[in-house]
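For reference, data-v7.cif (mmCIF, C-alpha atoms):
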```cif
data_entry
#
loop_
_atom_site.label_atom_id
_atom_site.label_comp_id
_atom_site.auth_asym_id
_atom_site.auth_seq_id
_atom_site.Cartn_x
_atom_site.Cartn_y
_atom_site.Cartn_z
CA MET A 1 125.25 10.63 -17.37
CA LEU A 2 127.34 9.66 -20.42
CA SER A 3 125.93 9.72 -23.87
CA GLU A 4 126.04 6.70 -26.09
CA ASP A 5 129.43 7.73 -27.34
CA GLY A 6 130.50 8.47 -23.74
CA SER A 7 131.08 12.17 -24.38
CA GLY A 8 128.63 13.48 -21.64
CA GLU A 9 126.93 15.95 -24.00
CA ASP A 10 123.52 15.30 -22.46
CA ASP A 11 124.76 16.54 -19.11
CA ARG A 12 126.25 19.55 -20.77
CA ASP A 13 122.99 20.36 -22.47
CA ILE A 14 121.11 20.03 -19.21
CA THR A 15 123.63 22.22 -17.45
CA GLU A 16 123.42 24.89 -20.12
CA GLU A 17 119.63 24.70 -20.02
CA ALA A 18 119.67 25.04 -16.24
CA GLU A 19 122.08 27.95 -16.38
CA GLY A 20 119.79 29.64 -18.91
CA GLU A 21 116.85 29.23 -16.60
CA ILE A 22 118.88 30.55 -13.70
CA LEU A 23 120.00 33.57 -15.73
CA SER A 24 116.43 34.06 -16.84
CA ASP A 25 115.25 33.94 -13.22
CA ARG A 26 117.96 36.35 -12.19
CA ASN A 27 117.01 38.81 -14.96
CA ALA A 28 113.37 38.55 -14.00
CA GLY A 29 114.27 39.29 -10.42
CA LYS A 30 116.28 42.29 -11.42
CA TYR A 31 113.35 43.45 -13.57
CA TRP A 32 110.88 43.16 -10.73
CA ASP A 33 113.33 44.75 -8.33
CA ASN A 34 113.74 47.65 -10.72
CA ALA A 35 110.00 47.82 -11.24
CA THR A 36 109.48 47.90 -7.48
CA LEU A 37 112.05 50.65 -7.10
CA ASP A 38 110.47 52.65 -9.90
CA SER A 39 107.05 52.20 -8.30
CA LYS A 40 108.30 53.39 -4.92
CA LYS A 41 110.05 56.33 -6.54
CA ALA A 42 106.88 57.31 -8.44
CA ARG A 43 104.82 56.98 -5.26
CA LYS A 44 107.28 59.18 -3.41
CA ILE A 45 107.14 61.81 -6.15
CA PHE A 46 103.34 61.66 -6.16
CA LEU A 47 103.16 62.10 -2.38
CA THR A 48 105.61 64.98 -2.54
CA VAL A 49 103.57 66.73 -5.22
CA MET A 50 100.36 66.21 -3.25
CA LEU A 51 102.00 67.54 -0.09
CA VAL A 52 103.13 70.65 -1.95
CA ILE A 53 99.61 71.17 -3.31
CA VAL A 54 98.04 70.74 0.14
CA LEU A 55 100.55 73.10 1.75
CA THR A 56 99.93 75.66 -0.99
CA ILE A 57 96.18 75.48 -0.41
CA VAL A 58 96.65 75.82 3.35
CA ILE A 59 98.92 78.83 2.94
CA MET A 60 96.48 80.49 0.53
CA LEU A 61 93.61 79.83 2.95
CA VAL A 62 95.54 81.29 5.87
CA VAL A 63 96.43 84.38 3.85
CA PHE A 64 92.79 84.76 2.77
CA LEU A 65 91.54 84.43 6.33
CA MET A 66 94.10 86.90 7.63
CA GLN A 67 92.98 89.52 5.14
CA SER A 68 90.14 91.73 6.31
CA PRO A 69 87.31 91.49 3.78
CA LYS A 70 86.15 94.81 2.41
CA GLN A 71 83.34 96.01 4.60
CA GLU A 72 80.19 97.39 3.08
CA TYR A 73 77.49 99.73 4.35
CA PRO A 74 74.53 97.77 5.73
CA THR A 75 71.30 97.65 3.74
CA TYR A 76 67.96 98.56 5.26
CA ASP A 77 67.16 94.88 5.91
CA GLN A 78 70.57 94.30 7.48
CA ILE A 79 70.03 97.27 9.78
CA ILE A 80 66.75 95.81 11.01
CA GLN A 81 68.55 92.51 11.64
CA LYS A 82 71.24 94.33 13.63
CA LEU A 83 68.59 96.03 15.75
CA ASN A 84 66.90 92.72 16.51
CA LEU A 85 70.27 91.21 17.41
CA ALA A 86 70.98 94.11 19.78
CA VAL A 87 67.66 93.44 21.52
CA THR A 88 68.54 89.76 21.94
CA MET A 89 72.05 90.44 23.23
CA LEU A 90 71.20 93.28 25.63
CA SER A 91 67.82 92.19 27.00
CA PRO A 92 69.36 90.46 30.06
CA TYR A 93 70.95 93.75 31.15
CA ILE A 94 68.63 96.63 30.19
CA HIS A 95 65.16 97.47 28.98
CA ILE A 96 65.49 97.33 25.20
CA LYS A 97 63.05 96.78 22.37
CA THR A 98 62.25 97.76 18.81
CA GLN A 99 59.02 99.57 18.10
CA LEU A 100 57.21 100.07 14.82
CA ILE A 101 56.33 103.77 14.80
CA GLY A 102 55.02 104.05 11.25
CA GLN A 103 55.67 103.42 7.58
CA SER A 104 57.24 105.26 4.69
CA VAL A 105 55.78 106.36 1.34
CA GLU A 106 56.50 102.89 -0.06
CA LYS A 107 55.21 101.16 3.10
CA ARG A 108 58.55 100.20 4.60
CA ASP A 109 58.55 99.92 8.36
CA ILE A 110 60.13 102.75 10.33
CA ILE A 111 61.65 101.09 13.39
CA LEU A 112 62.67 102.82 16.62
CA LEU A 113 65.09 101.25 19.09
CA LYS A 114 64.41 102.06 22.75
CA MET A 115 67.03 101.57 25.48
CA SER A 116 66.78 102.37 29.18
CA PRO A 117 68.24 101.11 32.48
CA LYS A 118 66.32 98.42 34.32
CA ALA A 119 66.28 100.54 37.47
CA VAL A 120 63.83 103.09 36.09
CA ASN A 121 61.35 104.12 38.80
CA ARG A 122 58.11 104.97 37.04
CA SER A 123 56.83 106.88 40.09
CA LEU A 124 59.50 109.53 39.46
CA ALA A 125 58.61 109.94 35.80
CA GLY A 126 57.64 113.58 36.39
CA ASP A 127 61.19 114.48 37.41
CA PRO A 128 62.98 115.73 34.29
CA CYS A 129 66.31 114.59 35.73
CA HIS A 130 65.10 111.08 36.51
CA HIS A 131 66.43 109.09 33.55
CA PRO A 132 65.93 111.90 31.02
CA LEU A 133 65.11 110.83 27.49
CA VAL A 134 67.52 111.32 24.59
CA TRP A 135 66.38 111.10 20.97
CA VAL A 136 68.81 110.47 18.10
CA VAL A 137 67.50 110.54 14.52
CA CYS A 138 69.69 109.27 11.66
CA GLY A 139 69.24 108.39 8.01
CA VAL A 140 67.05 111.36 7.07
CA HIS A 141 68.89 112.00 3.80
CA ALA A 142 69.22 108.92 1.63
CA ARG A 143 72.76 109.44 0.36
CA GLU A 144 74.29 110.08 3.77
CA TRP A 145 75.20 106.46 4.44
CA THR A 146 77.53 107.46 7.26
CA SER A 147 74.58 108.59 9.37
CA PRO A 148 72.83 105.21 9.95
CA LEU A 149 76.23 103.60 10.43
CA THR A 150 76.94 106.13 13.18
CA CYS A 151 73.62 105.43 14.89
CA LEU A 152 74.42 101.71 14.89
CA SER A 153 77.79 102.44 16.48
CA PHE A 154 76.06 104.55 19.16
CA ILE A 155 73.85 101.58 20.03
CA GLN A 156 76.88 99.33 20.36
CA LYS A 157 78.76 101.83 22.52
CA LEU A 158 75.75 102.44 24.76
CA GLY A 159 75.25 98.69 25.11
CA ASP A 160 78.85 98.34 26.28
CA ILE A 161 78.35 101.08 28.87
CA PHE A 162 75.12 99.57 30.17
CA VAL A 163 76.67 96.09 30.44
CA ASN A 164 80.13 97.02 31.73
CA THR A 165 79.43 98.98 34.90
CA ALA A 166 83.04 100.06 35.44
CA SER A 167 82.78 103.73 34.50
CA GLN A 168 85.34 105.57 32.39
CA ASP A 169 85.66 109.35 32.34
CA GLY A 170 82.26 109.82 33.92
CA ASP A 171 80.45 107.56 31.45
CA ASN A 172 78.30 106.30 34.33
CA ILE A 173 76.09 109.34 33.67
CA LEU A 174 75.02 107.73 30.40
CA ARG A 175 73.69 104.72 32.31
CA SER A 176 71.11 106.99 33.94
CA LEU A 177 69.64 108.09 30.60
CA GLN A 178 67.00 106.64 28.30
CA PHE A 179 67.55 106.52 24.55
CA ASN A 180 65.22 106.44 21.56
CA ILE A 181 67.32 105.88 18.45
CA LEU A 182 65.89 106.03 14.94
CA VAL A 183 68.58 104.57 12.68
CA VAL A 184 66.84 105.05 9.31
CA ALA A 185 64.20 107.77 9.15
CA ASN A 186 64.03 107.58 5.34
CA PRO A 187 64.11 103.85 4.51
CA ASP A 188 62.79 104.22 0.94
CA GLY A 189 65.40 106.74 -0.05
CA TYR A 190 68.17 104.82 1.67
CA GLN A 191 67.24 101.58 -0.08
CA TYR A 192 66.83 103.35 -3.43
CA SER A 193 70.26 104.98 -3.15
CA MET A 194 71.79 101.52 -2.75
CA SER A 195 69.92 99.93 -5.63
CA SER A 196 72.11 101.26 -8.45
CA PRO A 197 75.40 103.15 -8.85
CA THR A 198 73.51 105.91 -10.69
CA ARG A 199 71.20 106.43 -7.69
CA ARG A 200 73.76 106.74 -4.93
CA LEU A 201 73.40 110.51 -4.55
CA THR A 202 69.63 110.44 -4.05
CA ARG A 203 68.77 112.68 -1.08
CA LYS A 204 64.99 112.77 -0.72
CA ASN A 205 62.22 110.27 0.00
CA ARG A 206 60.41 108.42 -2.80
CA ARG A 207 57.30 110.62 -3.09
CA LYS A 208 56.21 110.78 -6.72
CA SER A 209 56.32 114.32 -8.06
CA SER A 210 56.32 116.28 -11.30
CA CYS A 211 60.11 116.04 -11.47
CA PRO A 212 60.98 113.92 -14.56
CA ASP A 213 64.27 112.71 -13.06
CA SER A 214 63.52 109.78 -10.76
CA SER A 215 66.68 110.28 -8.72
CA LEU A 216 65.66 113.90 -8.02
CA ALA A 217 61.98 113.19 -7.35
CA GLY A 218 60.59 113.18 -3.83
CA VAL A 219 60.65 115.45 -0.81
CA ASP A 220 63.52 116.47 1.43
CA ILE A 221 62.31 115.25 4.82
CA ASN A 222 64.50 117.76 6.65
CA ARG A 223 62.65 120.60 4.90
CA ASN A 224 59.19 119.20 5.65
CA PHE A 225 58.86 120.03 9.37
CA GLY A 226 56.63 122.89 10.51
CA SER A 227 59.08 125.47 11.83
CA GLY A 228 60.16 127.93 9.13
CA PHE A 229 58.60 125.81 6.42
CA ASN A 230 59.53 127.06 2.94
CA TYR A 231 62.09 129.52 4.25
CA GLY A 232 65.75 129.33 3.37
CA ASP A 233 68.38 130.16 0.80
CA ASP A 234 69.76 126.66 0.23
CA CYS A 235 68.25 126.16 -3.21
CA TYR A 236 71.52 125.16 -4.89
CA GLY A 237 71.01 127.26 -8.01
CA GLN A 238 67.29 126.54 -8.24
CA VAL A 239 64.58 129.17 -7.96
CA CYS A 240 63.77 130.04 -4.33
CA PRO A 241 61.65 129.29 -2.44
CA PHE A 242 62.69 125.70 -2.96
CA ASN A 243 59.11 124.42 -3.14
CA ALA A 244 58.80 126.09 -6.55
CA THR A 245 61.16 123.52 -8.05
CA PRO A 246 60.26 119.86 -7.40
CA CYS A 247 63.61 118.70 -8.82
CA SER A 248 65.58 120.70 -6.26
CA ILE A 249 67.34 118.40 -3.81
CA THR A 250 65.92 120.55 -0.98
CA HIS A 251 62.32 120.50 -2.22
CA GLY A 252 60.24 120.60 0.97
CA GLY A 253 56.92 119.25 -0.26
CA GLU A 254 53.50 120.79 -0.78
CA LYS A 255 53.02 121.64 2.89
CA ALA A 256 54.57 121.03 6.27
CA PHE A 257 54.31 117.41 7.43
CA SER A 258 52.99 116.30 4.05
CA GLU A 259 55.26 113.25 4.20
CA PRO A 260 54.60 110.10 6.25
CA GLU A 261 58.23 109.90 7.35
CA THR A 262 58.07 113.40 8.86
CA ARG A 263 54.72 112.75 10.50
CA VAL A 264 56.09 109.55 12.04
CA VAL A 265 58.94 111.46 13.68
CA ARG A 266 56.57 114.24 14.78
CA ASP A 267 54.06 111.88 16.36
CA ALA A 268 56.63 109.64 18.07
CA MET A 269 58.55 112.57 19.55
CA THR A 270 55.36 114.29 20.64
CA ALA A 271 54.33 111.11 22.46
CA GLU A 272 57.72 110.92 24.17
CA VAL A 273 59.17 114.41 24.40
CA PRO A 274 62.94 114.33 24.77
CA TRP A 275 65.17 116.16 27.20
CA LEU A 276 67.83 116.27 24.49
CA SER A 277 67.51 115.68 20.75
CA LEU A 278 70.21 115.09 18.14
CA SER A 279 69.60 115.17 14.38
CA LEU A 280 72.60 113.45 12.80
CA HIS A 281 73.76 114.01 9.22
CA GLY A 282 76.78 113.50 6.97
CA ASN A 283 79.23 115.10 6.41
CA GLY A 284 79.94 118.76 7.11
CA ASN A 285 82.10 119.07 10.25
CA SER A 286 79.77 120.96 12.56
CA TRP A 287 77.83 120.88 15.83
CA SER A 288 74.95 123.33 15.76
CA SER A 289 71.78 124.50 17.49
CA PRO A 290 68.69 126.45 16.35
CA PHE A 291 67.88 128.43 14.41
CA ALA A 292 68.25 127.02 10.94
CA TYR A 293 65.55 129.01 9.13
CA LYS A 294 66.52 132.44 10.45
CA ILE A 295 69.47 134.35 11.80
CA ALA A 296 68.62 135.34 15.37
CA ASP A 297 70.12 135.41 18.83
CA PRO A 298 69.16 132.65 21.27
CA PRO A 299 66.01 133.44 23.28
CA PRO A 300 66.50 134.32 26.98
CA ASN A 301 65.33 130.90 28.21
CA VAL A 302 68.14 129.17 26.35
CA GLY A 303 70.99 130.57 28.41
CA SER A 304 74.25 128.83 27.54
CA LYS A 305 72.64 125.61 26.34
CA TRP A 306 73.26 126.46 22.70
CA ASP A 307 76.87 127.40 23.33
CA LEU A 308 78.82 124.52 21.77
CA GLU A 309 82.24 126.12 21.83
CA PHE A 310 83.25 123.87 24.74
CA LEU A 311 82.49 120.79 22.65
CA ALA A 312 84.40 121.95 19.59
CA LYS A 313 87.42 122.73 21.77
CA LYS A 314 87.28 119.34 23.48
CA ILE A 315 87.08 117.46 20.21
CA PHE A 316 89.96 119.45 18.75
CA ALA A 317 92.08 118.81 21.85
CA LYS A 318 91.51 115.07 21.63
CA PHE A 319 91.43 114.42 17.87
CA GLY A 320 92.90 117.53 16.24
CA THR A 321 89.78 117.97 14.09
CA SER A 322 88.13 121.37 13.75
CA TYR A 323 84.34 121.53 13.89
CA ARG A 324 82.30 124.64 13.25
CA TYR A 325 79.80 125.46 15.98
CA GLY A 326 76.94 127.86 16.61
CA SER A 327 73.48 128.33 15.14
CA SER A 328 72.70 126.13 12.17
CA SER A 329 72.02 129.13 9.92
CA GLY A 330 75.40 130.54 10.93
CA VAL A 331 77.56 127.46 10.40
CA MET A 332 75.69 126.15 7.35
CA TYR A 333 73.00 128.25 5.62
CA ARG A 334 69.38 129.24 6.20
CA ALA A 335 67.15 126.20 5.83
CA GLY A 336 63.44 126.06 6.63
CA GLY A 337 61.38 123.10 7.80
CA THR A 338 64.20 121.35 9.69
CA MET A 339 63.85 118.95 12.58
CA ILE A 340 66.21 120.92 14.81
CA ASP A 341 63.99 124.02 14.72
CA TRP A 342 60.73 122.10 15.08
CA VAL A 343 61.99 120.22 18.16
CA TYR A 344 62.71 123.57 19.81
CA GLU A 345 59.68 125.54 18.60
CA GLY A 346 57.17 122.70 18.30
CA LEU A 347 58.08 120.64 21.35
CA GLY A 348 59.72 123.29 23.54
CA VAL A 349 62.94 121.27 23.85
CA VAL A 350 65.82 123.66 24.39
CA ARG A 351 68.52 121.05 23.96
CA SER A 352 67.94 120.50 20.25
CA TYR A 353 71.14 119.89 18.31
CA ASN A 354 72.35 119.01 14.84
CA HIS A 355 75.58 117.17 14.10
CA GLU A 356 77.21 117.10 10.70
CA LEU A 357 79.72 114.26 10.79
CA ARG A 358 83.36 114.74 9.94
CA ASN A 359 84.21 115.16 6.25
CA ILE A 360 87.38 113.15 5.65
CA CYS A 361 87.69 114.05 1.95
CA PRO A 362 89.99 116.67 0.43
CA ASP A 363 88.66 120.19 -0.17
CA HIS A 364 87.54 119.24 -3.66
CA GLY A 365 86.48 115.69 -2.88
CA THR A 366 83.63 114.08 -4.81
CA ALA A 367 80.14 113.79 -3.35
CA LEU A 368 80.58 110.02 -3.07
CA CYS A 369 83.75 110.54 -1.06
CA ILE A 370 81.98 113.01 1.22
CA PHE A 371 78.79 111.06 1.89
CA GLN A 372 79.93 107.47 1.34
CA PRO A 373 83.63 107.08 2.18
CA GLU A 374 85.02 103.58 2.65
CA VAL A 375 83.57 101.93 5.73
CA GLN A 376 86.99 101.23 7.20
CA LEU A 377 87.85 104.94 6.98
CA VAL A 378 84.55 105.79 8.63
CA GLN A 379 85.26 103.40 11.48
CA GLU A 380 88.76 104.77 11.96
CA ASN A 381 88.13 108.51 11.55
CA ILE A 382 84.45 109.43 11.79
CA LEU A 383 82.78 107.14 14.31
CA PRO A 384 85.23 107.71 17.20
CA GLU A 385 84.84 111.50 16.98
CA ALA A 386 81.05 111.34 16.63
CA TRP A 387 80.67 109.03 19.62
CA TRP A 388 83.07 110.98 21.81
CA GLY A 389 81.42 114.29 20.94
CA PHE A 390 77.96 112.85 21.57
CA LYS A 391 78.76 111.44 24.98
CA GLU A 392 80.62 114.59 26.05
CA LEU A 393 77.58 116.66 25.05
CA LEU A 394 75.35 114.36 27.09
CA LYS A 395 77.57 114.47 30.17
CA HIS A 396 78.01 118.25 30.00
CA SER A 397 74.28 118.80 29.55
CA TYR A 398 73.28 116.44 32.37
CA ILE A 399 75.74 118.00 34.80
CA GLN A 400 74.54 121.48 33.85
CA ASP A 401 70.80 120.70 33.97
CA CYS A 402 70.61 118.22 36.82
CA GLN A 403 73.63 117.95 39.06
CA GLN A 404 74.47 121.66 39.21
CA VAL A 405 70.79 122.69 39.54
CA ARG A 406 70.27 120.26 42.40
CA THR A 407 73.42 121.49 44.11
CA VAL A 408 72.16 125.09 43.91
CA LYS A 409 68.75 124.09 45.28
#
```

Show me the file's structure as structure tokens.
Amino acid sequence: MLSEDGSGEDDRDITEEAEGEILSDRNAGKYWDNATLDSKKARKIFLTVMLVIVLTIVIMLVVFLMQSPKQEYPTYDQIIQKLNLAVTMLSPYIHIKTQLIGQSVEKRDIILLKMSPKAVNRSLAGDPCHHPLVWVVCGVHAREWTSPLTCLSFIQKLGDIFVNTASQDGDNILRSLQFNILVVANPDGYQYSMSSPTRRLTRKNRRKSSCPDSSLAGVDINRNFGSGFNYGDDCYGQVCPFNATPCSITHGGEKAFSEPETRVVRDAMTAEVPWLSLSLHGNGNSWSSPFAYKIADPPPNVGSKWDLEFLAKKIFAKFGTSYRYGSSSGVMYRAGGTMIDWVYEGLGVVRSYNHELRNICPDHGTALCIFQPEVQLVQENILPEAWWGFKELLKHSYIQDCQQVRTVK
């Protein structure tokens, strides 16, 4: 359209206005396009960062799961739980149960685990070779944490043998035996030794005494049995006899069987007299037999049953570890009131043995290293030798007492 003067300026103004709007629209489009691109780029960066974070967490989790957590010694309560679990797992295959046989000074339950094959014929109970009974007593001395752990491993190994009937190296003999296993004979002392770092070397039970040091108070249960009570030269610098010094770590109490823990073992073993008994301690590298309270030759009725040279040689051949063997007073020291002597003299059980577990510490290792080494080291170095030695002793003894005797007859 022409303006009044015919110059067409109105059209030019409109065109310029339109071009401005078009340019404005184009700039807006570029802005939004750029904004969209920036938004996509930010989202991509965000997703990348999140992916890196997630992958990092996953990798850390995998690494954590692949690492073996540091294993700890089981507490008294955890041991009872493990025993109950063993009963649940093995009940379909064998006769197994826990039995309350008494209580400690502080009224903790003393629990016995009983295992036997389902094929036991009660009418042949008078035959000493018909499923002979084996007793194993652990956890007598509070600080010897390796001892209850070893008893638990024995239960697991025996369970495997009872369940898996394919025999290895004559292990089928073990399926013909019955087992009474006392994992913690001194529950108060064991629990007390775990209650504080300053109490870890506690040895005795928790009997109150005139000793002013709480960690040294109590009675040494393995000096409180009747045979040779208050004999011995293991006073560790204290005045002998050891009963004269209540703070001595081998203080045996006022009289034989003064302690409920000792009476519990006495009464339970008297009710079910074993064919073979093993008192298991940590950690002195020995397999021994009576006598502990005196130095004397084996009585005539013993024959070769206290000769443990064969066992020491077998263990050395397999593991390369040297174990002392012989009478307890010979390989250790004279000690009165021990379980090993009472089982022989009080119950008439010839096959009464004591095992001091392997000491994996250097010659001048600390007491904590000796009695409470890392659990992983125990599992790798101590438990395999203890189990193998135990089962070889059982097989050798059964063949000697039952199979060879029956062959001669």

### Message
If the PyMOL selection byres ((chain A and resi 275-288) around 8) were run on this exact file, what residues would it hold? Put them as an MDAnalysis selection string.
### Response
chainID A and resid 128 132:141 144:147 273:274 289:290 306 308 312 322:328 331 339:340 343 349:359 370:371

### Message
Report, in Å with one decimal, the straight-line distance from atom CA of Phe291 of chain A to atom CA of Ala335 of chain A.
### Response
8.9 Å

Apply the PyMOL selection byres ((chain A and resi 203) around 9) to the structure shown and report the selected residues as a CSV table (one decimal) with C-alpha atoms, in the coordinates of the input.
```csv
chain,number,residue,atom,x,y,z
A,140,VAL,CA,67.0,111.4,7.1
A,141,HIS,CA,68.9,112.0,3.8
A,142,ALA,CA,69.2,108.9,1.6
A,143,ARG,CA,72.8,109.4,0.4
A,144,GLU,CA,74.3,110.1,3.8
A,189,GLY,CA,65.4,106.7,0.0
A,190,TYR,CA,68.2,104.8,1.7
A,193,SER,CA,70.3,105.0,-3.2
A,200,ARG,CA,73.8,106.7,-4.9
A,201,LEU,CA,73.4,110.5,-4.6
A,202,THR,CA,69.6,110.4,-4.0
A,204,LYS,CA,65.0,112.8,-0.7
A,205,ASN,CA,62.2,110.3,0.0
A,215,SER,CA,66.7,110.3,-8.7
A,216,LEU,CA,65.7,113.9,-8.0
A,218,GLY,CA,60.6,113.2,-3.8
A,219,VAL,CA,60.6,115.4,-0.8
A,220,ASP,CA,63.5,116.5,1.4
A,249,ILE,CA,67.3,118.4,-3.8
A,250,THR,CA,65.9,120.6,-1.0
```

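You will find atom CA of Ala217 of chain A at 15.8 Å from atom CA of Pro260 of chain A.
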
### Query
Gly336 of chain A: which residues within 8 Å, counting only C-alpha atoms, same-chain residues fewer than 3 positions away excluded, as a VMD selection string?
chain A and resid 223 227 to 232 292 to 293

### Query
How many Å separate atom CA of Pro197 of chain A from atom CA of Glu374 of chain A?
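Atom CA of Glu374 of chain A lies at a distance of 15.0 Å from atom CA of Pro197 of chain A.
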
### Task
For Ile80 of chain A, work out the shell of residues within 8 Å, counting only C-alpha atoms and skipping chain neighbours fewer than 4 positions away, then give it as a list in words.
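Non-adjacent residues within range: Tyr76, Asn84 and Ile111 of chain A.
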
### Task
Report as a list of chain:residue names the full result of the PyMOL selection byres ((chain A and resi 304) around 12) when it is applied to this structure.
A:Ser289, A:Asp297, A:Pro298, A:Pro299, A:Pro300, A:Asn301, A:Val302, A:Gly303, A:Lys305, A:Trp306, A:Asp307, A:Leu308, A:Glu309, A:Phe310, A:Gly326, A:Val350, A:Arg351, A:His396, A:Ser397, A:Gln400, A:Asp401

### Query
Counting all atoms listed in the file, which of A:Lys318, A:Arg199, A:Arg43, A:Arg108 gets nearest to Glu385 of chain A?
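Residue with the minimum atom-to-atom distance to Glu385 of chain A: A:Lys318.
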
Give me the residues near Leu311 of chain A as a CSV table (one decimal) with C-alpha atoms, in the frame of the given file, where near means some atom within 8 Å (using all atoms listed in the file) and where sequence neighbours in that chain fewer than 4 positions away do not count.
```
chain,number,residue,atom,x,y,z
A,315,ILE,CA,87.1,117.5,20.2
A,389,GLY,CA,81.4,114.3,20.9
A,392,GLU,CA,80.6,114.6,26.0
A,393,LEU,CA,77.6,116.7,25.0
```

#### Entry: Nearest candidate to Lys255 of chain A (options A:Lys294, A:Val163, A:Gly337, A:Arg206; using only C-alpha atoms)
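Residue with the minimum atom-to-atom distance to Lys255 of chain A: A:Gly337.
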
### Query
Can you list, as a ChimeraX atom specification, every protein, DNA or RNA residue that comes within 12 Å of Ile173 of chain A when you count all atoms listed in the file, leaving out same-chain residues fewer than 6 positions away?
/A:117,129-132,158,161-162,165-167,391-399,402-403

#### Entry: Spatial neighbours of Ala256 of chain A, max dist 6 Å, all atoms listed in the file, sep filter under 3 positions, as a list in words
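Surrounding residues, per the criterion: Asn224, Phe225 and Gly226 of chain A.
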
### Query
With all atoms listed in the file as the atoms that count, which of A:Glu106, A:Arg207, A:Trp388, A:Arg175 lies nearest to Ala317 of chain A?
A:Trp388
